[in-house]
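Chemist: Contents are mmCIF, C-alpha atoms; file name coords_30.cif:
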```cif
data_final
#
loop_
_atom_site.label_atom_id
_atom_site.label_comp_id
_atom_site.auth_asym_id
_atom_site.auth_seq_id
_atom_site.Cartn_x
_atom_site.Cartn_y
_atom_site.Cartn_z
CA MET A 1 -235.41 33.19 -71.98
CA LYS A 2 -233.75 29.80 -72.29
CA THR A 3 -231.10 28.98 -69.68
CA VAL A 4 -228.45 26.27 -70.09
CA HIS A 5 -225.42 25.18 -68.06
CA ALA A 6 -221.95 25.04 -69.59
CA THR A 7 -220.50 21.55 -69.50
CA ARG A 8 -217.38 21.71 -71.70
CA TYR A 9 -215.01 24.45 -72.84
CA ILE A 10 -214.08 23.71 -76.45
CA THR A 11 -211.97 26.55 -77.84
CA PRO A 12 -211.39 30.29 -77.48
CA LEU A 13 -212.28 32.64 -80.33
CA ARG A 14 -209.34 34.99 -80.21
CA GLU A 15 -210.64 37.29 -82.96
CA GLY A 16 -212.71 39.12 -80.35
CA GLY A 17 -211.20 41.42 -77.75
CA SER A 18 -213.45 39.93 -75.08
CA LEU A 19 -212.06 36.42 -75.71
CA PRO A 20 -215.37 34.63 -76.32
CA ALA A 21 -215.32 30.84 -76.52
CA VAL A 22 -217.14 27.94 -78.09
CA ILE A 23 -218.62 25.79 -75.35
CA GLU A 24 -220.95 22.81 -75.05
CA ALA A 25 -223.98 22.98 -72.75
CA ASP A 26 -226.22 20.52 -70.97
CA ASP A 27 -228.77 20.65 -73.79
CA ASP A 28 -226.08 19.10 -76.07
CA GLY A 29 -225.91 22.37 -78.00
CA MET A 30 -222.79 24.36 -78.84
CA TYR A 31 -222.70 28.07 -78.09
CA VAL A 32 -220.45 31.06 -78.60
CA LEU A 33 -220.14 32.24 -75.01
CA LYS A 34 -219.62 35.88 -74.05
CA PHE A 35 -218.14 36.19 -70.57
CA ARG A 36 -219.50 38.61 -67.98
CA GLY A 37 -216.00 38.93 -66.51
CA ALA A 38 -214.40 40.10 -69.78
CA GLY A 39 -212.87 43.56 -70.05
CA GLN A 40 -216.02 45.18 -71.44
CA GLY A 41 -217.97 44.05 -68.39
CA PRO A 42 -221.67 43.26 -68.07
CA LYS A 43 -222.80 46.26 -70.14
CA ALA A 44 -221.53 44.48 -73.26
CA LEU A 45 -223.74 41.50 -72.38
CA ILE A 46 -226.70 43.79 -71.71
CA ALA A 47 -226.28 45.30 -75.18
CA GLU A 48 -225.90 41.83 -76.72
CA LEU A 49 -229.06 40.58 -75.07
CA VAL A 50 -231.35 43.59 -75.52
CA VAL A 51 -230.31 44.32 -79.10
CA GLY A 52 -230.47 40.63 -79.94
CA LYS A 53 -234.00 40.32 -78.55
CA LEU A 54 -235.13 43.37 -80.52
CA ALA A 55 -233.55 41.96 -83.68
CA GLN A 56 -235.46 38.72 -83.16
CA ALA A 57 -238.69 40.66 -82.70
CA LEU A 58 -238.03 42.33 -86.05
CA GLU A 59 -237.26 38.93 -87.63
CA LEU A 60 -233.76 39.96 -88.55
CA PRO A 61 -231.54 36.90 -89.08
CA MET A 62 -229.38 36.09 -86.08
CA PRO A 63 -228.45 33.02 -84.02
CA ASP A 64 -230.70 32.08 -81.11
CA MET A 65 -229.49 33.20 -77.70
CA ALA A 66 -229.47 31.60 -74.27
CA LEU A 67 -228.38 32.54 -70.79
CA VAL A 68 -225.45 30.30 -69.85
CA GLU A 69 -224.69 29.40 -66.25
CA LEU A 70 -220.98 28.94 -65.64
CA ASP A 71 -219.32 27.26 -62.66
CA ARG A 72 -215.88 28.50 -61.61
CA GLU A 73 -214.76 24.86 -61.41
CA PHE A 74 -215.05 24.93 -65.20
CA ALA A 75 -211.59 26.56 -65.16
CA ARG A 76 -209.87 23.59 -63.54
CA THR A 77 -209.19 21.76 -66.80
CA GLU A 78 -208.18 24.85 -68.77
CA PRO A 79 -204.37 25.18 -69.09
CA ASP A 80 -204.31 28.86 -70.16
CA PRO A 81 -204.05 31.10 -67.05
CA GLU A 82 -205.73 34.03 -68.84
CA ILE A 83 -208.75 31.89 -69.67
CA GLN A 84 -208.80 30.42 -66.17
CA ASP A 85 -209.02 33.93 -64.71
CA LEU A 86 -211.75 34.88 -67.18
CA ILE A 87 -213.86 31.85 -66.29
CA ARG A 88 -213.50 32.44 -62.55
CA ALA A 89 -214.44 36.11 -62.97
CA SER A 90 -217.53 35.06 -64.93
CA GLU A 91 -219.04 32.61 -62.47
CA GLY A 92 -222.82 32.75 -62.72
CA THR A 93 -224.91 33.98 -65.63
CA ASN A 94 -223.34 34.72 -69.00
CA LEU A 95 -224.69 34.95 -72.55
CA GLY A 96 -224.42 32.47 -75.39
CA SER A 97 -225.53 32.39 -79.00
CA ASP A 98 -225.92 29.31 -81.16
CA TYR A 99 -222.64 28.26 -82.74
CA LEU A 100 -222.88 28.21 -86.54
CA PRO A 101 -220.37 25.55 -87.67
CA GLY A 102 -218.69 26.40 -90.93
CA ALA A 103 -220.02 29.97 -91.04
CA LEU A 104 -217.86 32.48 -92.91
CA ASN A 105 -217.19 36.14 -92.24
CA TYR A 106 -219.24 38.36 -94.50
CA ASP A 107 -217.39 39.79 -97.51
CA PRO A 108 -219.32 42.50 -99.43
CA ALA A 109 -217.30 41.70 -102.56
CA ALA A 110 -218.61 38.14 -102.51
CA MET A 111 -222.22 38.71 -101.45
CA GLN A 112 -224.51 41.69 -101.91
CA PRO A 113 -227.74 41.48 -99.89
CA ASP A 114 -230.99 42.68 -101.37
CA ALA A 115 -231.93 46.30 -100.70
CA GLY A 116 -234.73 45.37 -98.33
CA LEU A 117 -232.59 43.34 -95.94
CA ALA A 118 -229.67 45.77 -96.11
CA SER A 119 -232.00 48.68 -95.36
CA ARG A 120 -233.60 46.92 -92.40
CA ILE A 121 -230.21 46.14 -90.89
CA VAL A 122 -228.96 49.70 -91.43
CA TRP A 123 -232.14 51.11 -89.86
CA PHE A 124 -231.80 48.78 -86.90
CA ASP A 125 -228.13 49.58 -86.32
CA ALA A 126 -228.88 53.32 -86.47
CA PHE A 127 -231.68 52.83 -83.92
CA THR A 128 -229.43 50.88 -81.54
CA SER A 129 -226.33 53.03 -82.20
CA ASN A 130 -224.28 50.02 -83.22
CA VAL A 131 -220.77 51.27 -83.97
CA ASP A 132 -219.49 47.84 -84.95
CA ARG A 133 -220.84 46.90 -88.38
CA THR A 134 -218.13 48.36 -90.59
CA ALA A 135 -216.21 46.97 -93.55
CA ARG A 136 -213.27 46.45 -91.20
CA ASN A 137 -215.38 44.52 -88.70
CA PRO A 138 -218.79 43.64 -90.22
CA ASN A 139 -220.02 41.36 -87.43
CA LEU A 140 -222.00 39.52 -90.06
CA MET A 141 -221.66 35.83 -90.81
CA VAL A 142 -222.76 33.85 -93.86
CA TRP A 143 -224.16 30.44 -93.03
CA HIS A 144 -225.91 28.30 -95.64
CA ARG A 145 -225.81 31.34 -97.95
CA LYS A 146 -227.75 33.47 -95.48
CA LEU A 147 -226.58 36.53 -93.55
CA TYR A 148 -226.61 36.40 -89.75
CA LEU A 149 -226.12 39.32 -87.37
CA ILE A 150 -223.69 38.71 -84.52
CA ASP A 151 -221.86 40.65 -81.80
CA HIS A 152 -223.94 43.56 -80.54
CA GLY A 153 -221.85 44.29 -77.47
CA ALA A 154 -220.75 47.68 -78.83
CA ALA A 155 -224.32 48.88 -79.43
CA LEU A 156 -226.33 51.04 -77.00
CA TYR A 157 -223.22 53.03 -76.20
CA PHE A 158 -225.38 55.66 -74.48
CA HIS A 159 -225.35 53.40 -71.41
CA HIS A 160 -221.74 54.34 -70.74
CA ASP A 161 -222.95 57.88 -69.96
CA TRP A 162 -226.33 57.71 -68.26
CA GLU A 163 -226.19 61.36 -67.26
CA ASN A 164 -226.56 62.38 -70.92
CA ALA A 165 -228.72 59.48 -72.11
CA GLY A 166 -231.82 61.67 -72.38
CA GLU A 167 -230.08 63.99 -74.81
CA ALA A 168 -228.71 61.05 -76.79
CA CYS A 169 -232.22 59.74 -77.58
CA GLY A 170 -232.83 62.24 -80.35
CA LYS A 171 -229.38 62.42 -81.87
CA PRO A 172 -228.66 61.15 -85.39
CA PHE A 173 -226.23 58.28 -85.62
CA LYS A 174 -223.50 59.83 -87.74
CA LEU A 175 -221.32 56.72 -87.72
CA ILE A 176 -223.92 55.03 -89.93
CA ARG A 177 -221.85 56.41 -92.80
CA ASP A 178 -219.33 53.63 -92.11
CA HIS A 179 -221.88 50.79 -92.16
CA VAL A 180 -220.78 47.92 -94.37
CA LEU A 181 -224.27 47.48 -95.87
CA LEU A 182 -225.04 51.17 -96.42
CA PRO A 183 -224.21 51.11 -100.18
CA PHE A 184 -226.97 48.51 -100.68
CA ALA A 185 -229.52 50.17 -98.37
CA SER A 186 -231.71 52.02 -100.86
CA ALA A 187 -235.00 51.42 -99.02
CA ILE A 188 -234.37 52.90 -95.57
CA ALA A 189 -237.64 54.84 -95.53
CA ASP A 190 -239.53 51.65 -96.33
CA ALA A 191 -237.64 49.84 -93.57
CA ASP A 192 -238.69 52.55 -91.12
CA THR A 193 -242.34 52.16 -92.11
CA ALA A 194 -242.17 48.38 -91.66
CA LEU A 195 -240.05 48.06 -88.54
CA ALA A 196 -240.97 50.92 -86.22
CA PRO A 197 -244.54 49.71 -85.56
CA VAL A 198 -243.25 46.27 -84.54
CA LEU A 199 -241.25 47.71 -81.65
CA THR A 200 -244.17 48.36 -79.37
CA ASP A 201 -243.72 49.32 -75.74
CA ALA A 202 -244.50 45.72 -74.81
CA VAL A 203 -241.79 44.35 -77.12
CA ILE A 204 -239.19 46.74 -75.72
CA ASP A 205 -240.20 46.02 -72.13
CA ALA A 206 -239.99 42.26 -72.76
CA ALA A 207 -236.47 42.55 -74.19
CA VAL A 208 -235.27 44.58 -71.23
CA ALA A 209 -237.02 42.34 -68.69
CA ASP A 210 -234.71 39.46 -69.66
CA ILE A 211 -231.60 41.25 -68.35
CA PRO A 212 -230.37 39.18 -65.39
CA GLU A 213 -230.23 41.05 -62.11
CA SER A 214 -226.58 40.04 -61.65
CA TRP A 215 -225.69 42.19 -64.68
CA LEU A 216 -227.40 45.22 -63.17
CA GLN A 217 -225.09 45.79 -60.24
CA ASN A 218 -222.60 48.53 -59.38
CA GLU A 219 -224.26 51.27 -61.43
CA PRO A 220 -224.48 54.25 -59.05
CA THR A 221 -227.02 56.08 -61.22
CA PHE A 222 -229.81 53.70 -60.16
CA THR A 223 -231.14 52.58 -56.81
CA ASP A 224 -232.05 49.04 -57.89
CA ALA A 225 -232.30 46.67 -60.85
CA ASP A 226 -235.88 47.66 -61.67
CA ALA A 227 -234.92 51.31 -62.00
CA TYR A 228 -231.96 50.29 -64.18
CA ARG A 229 -234.18 48.22 -66.50
CA HIS A 230 -236.75 51.02 -66.61
CA ALA A 231 -234.06 53.42 -67.84
CA TYR A 232 -233.23 51.14 -70.78
CA SER A 233 -236.90 50.85 -71.71
CA ASN A 234 -237.43 54.59 -71.50
CA TYR A 235 -234.41 55.34 -73.66
CA LEU A 236 -235.41 52.89 -76.40
CA LYS A 237 -239.02 54.06 -76.48
CA ARG A 238 -237.96 57.70 -76.65
CA ARG A 239 -235.37 56.98 -79.34
CA LEU A 240 -238.06 55.32 -81.43
CA GLN A 241 -240.34 58.34 -81.02
CA LEU A 242 -237.52 60.64 -82.16
CA ARG A 243 -236.31 58.34 -84.94
CA GLU A 244 -236.67 60.93 -87.72
CA ALA A 245 -233.17 62.18 -86.87
CA PHE A 246 -231.41 58.83 -87.30
CA VAL A 247 -233.57 57.78 -90.26
CA GLN A 248 -232.82 60.94 -92.24
CA GLU A 249 -229.14 60.75 -91.34
CA ALA A 250 -229.01 57.20 -92.73
CA ILE A 251 -230.85 58.23 -95.91
CA ARG A 252 -228.41 61.12 -96.44
CA ALA A 253 -225.44 58.85 -95.84
CA HIS A 254 -226.71 56.35 -98.41
CA ALA A 255 -227.28 59.15 -100.95
CA ALA A 256 -223.56 59.95 -100.78
CA TYR A 257 -222.92 56.64 -102.56
CA LEU A 258 -225.11 57.57 -105.55
#
```
In structure tokens, write the structure found in this file.
Modeler:
Amino acid sequence: MKTVHATRYITPLREGGSLPAVIEADDDGMYVLKFRGAGQGPKALIAELVVGKLAQALELPMPDMALVELDREFARTEPDPEIQDLIRASEGTNLGSDYLPGALNYDPAAMQPDAGLASRIVWFDAFTSNVDRTARNPNLMVWHRKLYLIDHGAALYFHHDWENAGEACGKPFKLIRDHVLLPFASAIADADTALAPVLTDAVIDAAVADIPESWLQNEPTFTDADAYRHAYSNYLKRRLQLREAFVQEAIRAHAAYL
């Protein structure tokens, strides 16, 4: 996975609770940076990275990602004490996604995606248990008249309770009923047929392998980073095997709109 070094802090994005920021990096690119030291901690970055990599494998539209190395000296020129503390707490490896200048928040009243794309996104969010794609907070951007998926830090919420992760694999995702694109998702079964075979064991393992070791610390459930990564892979593979539960739940939820 591409790694860049932050060179300039441009502006905070205060819409997000984790206080992400637009930064410039040494490749002359601009990124939306998610900080490891934010309140949600490294698990939010793990979800962002793994879910983002899986979305890319499925060719769902989303900004490219990069690991972003951050030096604590970066805080020296920042006047806001809160941001200074955040930067210092995030020294090392963080996560960035390409900044989309001029992108607009998705409004379902202004743009209705085709059934195929809506269904693929709904299927994917049910698979990854993404609680944060609602009408209140769609986490979708429109850039050059095209939808882009952003902000997956709230997905994979099973990893906040590893003791019960095995049981969570086969559970339907009931919160799919609140998905902003569900009314347009009339082809969920077709999405399942198309997408599930793409997520091979190798694809899942590759997504998980990119998690930096520094994000895999202080989790008492696991003895080392390899065991931690292995647990993510096992969960995702098992969830895919047991996907009938979340697929049928999504189909039932869509039918409620008819």
Chemist: Between CA of Gln84 (chain A) and CA of Val68 (chain A), what distance in Å does the model show, to one decimal?
Modeler: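 We find that CA of Gln84 (chain A) and CA of Val68 (chain A) lie 17.1 Å from each other.
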Chemist: Using only C-alpha atoms, pick whichever of A:Ala118, A:Tyr9, A:Asn234, A:Ala154 has the shortest atom-to-atom distance to Asp80 (chain A).
Modeler: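 For Asp80 (chain A), the nearest of the candidates is A:Tyr9.
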Chemist: Have a look at A:Leu182, A:Ala225, A:Leu100, A:Leu33 and name the one nearest to Pro20 (chain A); count only C-alpha atoms.
Modeler: A:Leu33
Chemist: How would you write, as a ChimeraX atom specification, the residues chosen by the PyMOL selection byres ((chain A and resi 56) around 12) on this structure?
Modeler: /A:48-55,57-65,121,124,148-150,195,198-199,203-204,206-207
Chemist: I need the residues from that last selection saved to file as a PDB file, in the coordinates of the input (with C-alpha atoms), if you can.
Modeler:
```pdb
ATOM      1  CA  GLU A  48    -225.900  41.830 -76.720  1.00  0.00           C
ATOM      2  CA  LEU A  49    -229.060  40.580 -75.070  1.00  0.00           C
ATOM      3  CA  VAL A  50    -231.350  43.590 -75.520  1.00  0.00           C
ATOM      4  CA  VAL A  51    -230.310  44.320 -79.100  1.00  0.00           C
ATOM      5  CA  GLY A  52    -230.470  40.630 -79.940  1.00  0.00           C
ATOM      6  CA  LYS A  53    -234.000  40.320 -78.550  1.00  0.00           C
ATOM      7  CA  LEU A  54    -235.130  43.370 -80.520  1.00  0.00           C
ATOM      8  CA  ALA A  55    -233.550  41.960 -83.680  1.00  0.00           C
ATOM      9  CA  ALA A  57    -238.690  40.660 -82.700  1.00  0.00           C
ATOM     10  CA  LEU A  58    -238.030  42.330 -86.050  1.00  0.00           C
ATOM     11  CA  GLU A  59    -237.260  38.930 -87.630  1.00  0.00           C
ATOM     12  CA  LEU A  60    -233.760  39.960 -88.550  1.00  0.00           C
ATOM     13  CA  PRO A  61    -231.540  36.900 -89.080  1.00  0.00           C
ATOM     14  CA  MET A  62    -229.380  36.090 -86.080  1.00  0.00           C
ATOM     15  CA  PRO A  63    -228.450  33.020 -84.020  1.00  0.00           C
ATOM     16  CA  ASP A  64    -230.700  32.080 -81.110  1.00  0.00           C
ATOM     17  CA  MET A  65    -229.490  33.200 -77.700  1.00  0.00           C
ATOM     18  CA  ILE A 121    -230.210  46.140 -90.890  1.00  0.00           C
ATOM     19  CA  PHE A 124    -231.800  48.780 -86.900  1.00  0.00           C
ATOM     20  CA  TYR A 148    -226.610  36.400 -89.750  1.00  0.00           C
ATOM     21  CA  LEU A 149    -226.120  39.320 -87.370  1.00  0.00           C
ATOM     22  CA  ILE A 150    -223.690  38.710 -84.520  1.00  0.00           C
ATOM     23  CA  LEU A 195    -240.050  48.060 -88.540  1.00  0.00           C
ATOM     24  CA  VAL A 198    -243.250  46.270 -84.540  1.00  0.00           C
ATOM     25  CA  LEU A 199    -241.250  47.710 -81.650  1.00  0.00           C
ATOM     26  CA  VAL A 203    -241.790  44.350 -77.120  1.00  0.00           C
ATOM     27  CA  ILE A 204    -239.190  46.740 -75.720  1.00  0.00           C
ATOM     28  CA  ALA A 206    -239.990  42.260 -72.760  1.00  0.00           C
ATOM     29  CA  ALA A 207    -236.470  42.550 -74.190  1.00  0.00           C
TER      30      ALA A 207
END
```
Chemist: Evaluate the PyMOL selection byres ((chain A and resi 71) around 10) against this structure - the residues, as a list in words, please.
Modeler: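 Selected by the PyMOL selection byres ((chain A and resi 71) around 10) here: His5, Ala6, Thr7, Val68, Glu69, Leu70, Arg72, Glu73, Phe74, Ala75, Ile87, Arg88, Ser90, Glu91, Gly92 and Thr93 of chain A.
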Chemist: Could you please determine the separation between CA of Ile176 (chain A) and CA of Ala126 (chain A) in Å, to one decimal place?
Modeler: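 Result for CA of Ile176 (chain A) versus CA of Ala126 (chain A): 6.3 Å, one decimal.
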Chemist: Could you jot down the CA of Ile23 (chain A) to CA of Arg8 (chain A) separation for me, Å, one decimal place?
Modeler: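 Straight-line distance from CA of Ile23 (chain A) to CA of Arg8 (chain A) works out to 5.6 Å.
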Chemist: Could you list, as a PyMOL selection string, every residue within 7 Å of Pro183 (chain A), counting all atoms listed in the file and ignoring same-chain residues fewer than 2 positions away?
Modeler: chain A and resi 181+185+254+257
Chemist: Run the PyMOL selection byres ((chain A and resi 179) around 8) on the file and write out the hits as a list in words.
Modeler: Val122, Arg133, Thr134, Ala135, Leu175, Ile176, Arg177, Asp178, Val180, Leu181 and Leu182 of chain A
Chemist: When you count all atoms listed in the file, which of these residues is closest to Ser119 (chain A): A:Leu45, A:Ala250, A:Ala155, A:Ala21?
Modeler: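 Of the candidates, the smallest distance to Ser119 (chain A) is held by A:Ala250.
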Chemist: Produce the centre coordinates and the three edge lengths, each in Å to one decimal, of the box along x, y and z that contains all listed atoms of region 125-139 of chain A with 3 Å added on each side, as JSON.
Modeler:
```
{"center_x": -222.5, "center_y": 47.3, "center_z": -87.5, "size_x": 24.4, "size_y": 18.0, "size_z": 18.0}
```
Chemist: Return the single residue from A:Lys171, A:Lys43, A:Pro108, A:Thr11 that is closest to Arg136 (chain A), with distances computed using all atoms listed in the file.
Modeler: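 Ranking A:Lys171, A:Lys43, A:Pro108, A:Thr11 by distance to Arg136 (chain A), first place goes to A:Pro108.
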Chemist: Which one of A:Asn130, A:Thr77, A:Gln248, A:Asn139 sits closest to Ala103 (chain A) if you count only C-alpha atoms?
Modeler: A:Asn139
Chemist: Which residue out of A:Ala196, A:Leu117, A:Leu147, A:Ala47 has the minimum interatomic distance to Val131 (chain A) when all atoms listed in the file are used?
Modeler: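 Using all atoms listed in the file, Val131 (chain A) sits closest to A:Ala47.
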Chemist: Sorted by chain and rising residue number, list the residues of region 73-102 of chain A at most 12 Å from region 27-32 of chain A (counting only C-alpha atoms), each with its closest atom pair and distance in Å to one decimal, as a tab-separated table.
Modeler:
```
residue	atom	partner	partner_atom	distance
A:Asn94	CA	A:Val32	CA	10.7
A:Leu95	CA	A:Val32	CA	8.3
A:Gly96	CA	A:Val32	CA	5.3
A:Ser97	CA	A:Tyr31	CA	5.2
A:Asp98	CA	A:Tyr31	CA	4.6
A:Tyr99	CA	A:Tyr31	CA	4.7
A:Leu100	CA	A:Tyr31	CA	8.5
A:Pro101	CA	A:Met30	CA	9.2
```
Chemist: Export region 125-156 of chain A from the structure block above, keeping N, CA and C atoms, as a compact mmCIF listing (two decimals), in the first residue's frame.
Modeler:
```txt
# COMPACT_ATOMS: atom_id res chain seq x y z
N ASP A 125 -22.38 -2.85 2.55
CA ASP A 125 -22.51 -2.30 3.89
C ASP A 125 -23.15 -3.30 4.86
N ALA A 126 -24.01 -4.17 4.36
CA ALA A 126 -24.55 -5.23 5.22
C ALA A 126 -23.46 -6.24 5.55
N PHE A 127 -22.62 -6.57 4.59
CA PHE A 127 -21.51 -7.49 4.82
C PHE A 127 -20.55 -6.95 5.87
N THR A 128 -20.22 -5.68 5.77
CA THR A 128 -19.23 -5.07 6.67
C THR A 128 -19.85 -4.43 7.91
N SER A 129 -21.17 -4.60 8.07
CA SER A 129 -21.88 -4.05 9.25
C SER A 129 -21.60 -2.56 9.41
N ASN A 130 -21.77 -1.83 8.35
CA ASN A 130 -21.52 -0.39 8.37
C ASN A 130 -22.76 0.34 8.87
N VAL A 131 -22.68 0.88 10.07
CA VAL A 131 -23.83 1.53 10.69
C VAL A 131 -23.99 2.98 10.23
N ASP A 132 -23.08 3.46 9.42
CA ASP A 132 -22.99 4.89 9.16
C ASP A 132 -23.18 5.25 7.69
N ARG A 133 -24.33 4.81 7.12
CA ARG A 133 -24.67 5.22 5.76
C ARG A 133 -26.18 5.53 5.75
N THR A 134 -26.57 6.41 6.62
CA THR A 134 -27.98 6.73 6.80
C THR A 134 -28.32 8.05 6.14
N ALA A 135 -29.60 8.36 6.05
CA ALA A 135 -30.01 9.65 5.47
C ALA A 135 -29.46 10.81 6.29
N ARG A 136 -29.32 10.60 7.59
CA ARG A 136 -28.78 11.65 8.45
C ARG A 136 -27.29 11.85 8.20
N ASN A 137 -26.60 10.78 7.91
CA ASN A 137 -25.14 10.84 7.72
C ASN A 137 -24.76 9.84 6.62
N PRO A 138 -24.96 10.20 5.35
CA PRO A 138 -24.80 9.22 4.26
C PRO A 138 -23.37 8.73 4.04
N ASN A 139 -22.39 9.55 4.39
CA ASN A 139 -21.00 9.21 4.07
C ASN A 139 -20.84 8.80 2.60
N LEU A 140 -21.49 9.58 1.77
CA LEU A 140 -21.37 9.49 0.32
C LEU A 140 -21.11 10.89 -0.20
N MET A 141 -20.20 11.00 -1.14
CA MET A 141 -19.92 12.27 -1.78
C MET A 141 -20.23 12.17 -3.27
N VAL A 142 -20.58 13.30 -3.85
CA VAL A 142 -20.79 13.38 -5.30
C VAL A 142 -19.68 14.26 -5.87
N TRP A 143 -18.91 13.67 -6.74
CA TRP A 143 -17.78 14.38 -7.36
C TRP A 143 -17.82 14.11 -8.85
N HIS A 144 -17.88 15.17 -9.65
CA HIS A 144 -18.03 15.03 -11.10
C HIS A 144 -19.20 14.11 -11.42
N ARG A 145 -20.31 14.32 -10.71
CA ARG A 145 -21.57 13.60 -10.93
C ARG A 145 -21.47 12.10 -10.67
N LYS A 146 -20.53 11.71 -9.86
CA LYS A 146 -20.35 10.30 -9.54
C LYS A 146 -20.31 10.12 -8.03
N LEU A 147 -20.97 9.07 -7.54
CA LEU A 147 -20.97 8.78 -6.11
C LEU A 147 -19.63 8.21 -5.66
N TYR A 148 -19.19 8.61 -4.48
CA TYR A 148 -17.99 8.05 -3.87
C TYR A 148 -18.30 7.66 -2.43
N LEU A 149 -17.86 6.49 -2.03
CA LEU A 149 -18.00 6.03 -0.65
C LEU A 149 -16.86 6.60 0.19
N ILE A 150 -17.20 7.11 1.36
CA ILE A 150 -16.18 7.63 2.28
C ILE A 150 -16.52 7.16 3.70
N ASP A 151 -15.55 7.31 4.58
CA ASP A 151 -15.75 7.15 6.03
C ASP A 151 -16.32 5.79 6.43
N HIS A 152 -15.44 4.82 6.56
CA HIS A 152 -15.86 3.48 6.98
C HIS A 152 -15.40 3.15 8.40
N GLY A 153 -15.06 4.16 9.17
CA GLY A 153 -14.54 3.91 10.51
C GLY A 153 -15.53 3.27 11.46
N ALA A 154 -16.83 3.40 11.16
CA ALA A 154 -17.85 2.81 12.04
C ALA A 154 -18.24 1.40 11.62
N ALA A 155 -17.67 0.90 10.54
CA ALA A 155 -17.95 -0.47 10.09
C ALA A 155 -17.18 -1.48 10.95
N LEU A 156 -17.43 -2.75 10.70
CA LEU A 156 -16.76 -3.84 11.43
C LEU A 156 -16.90 -3.68 12.94
```
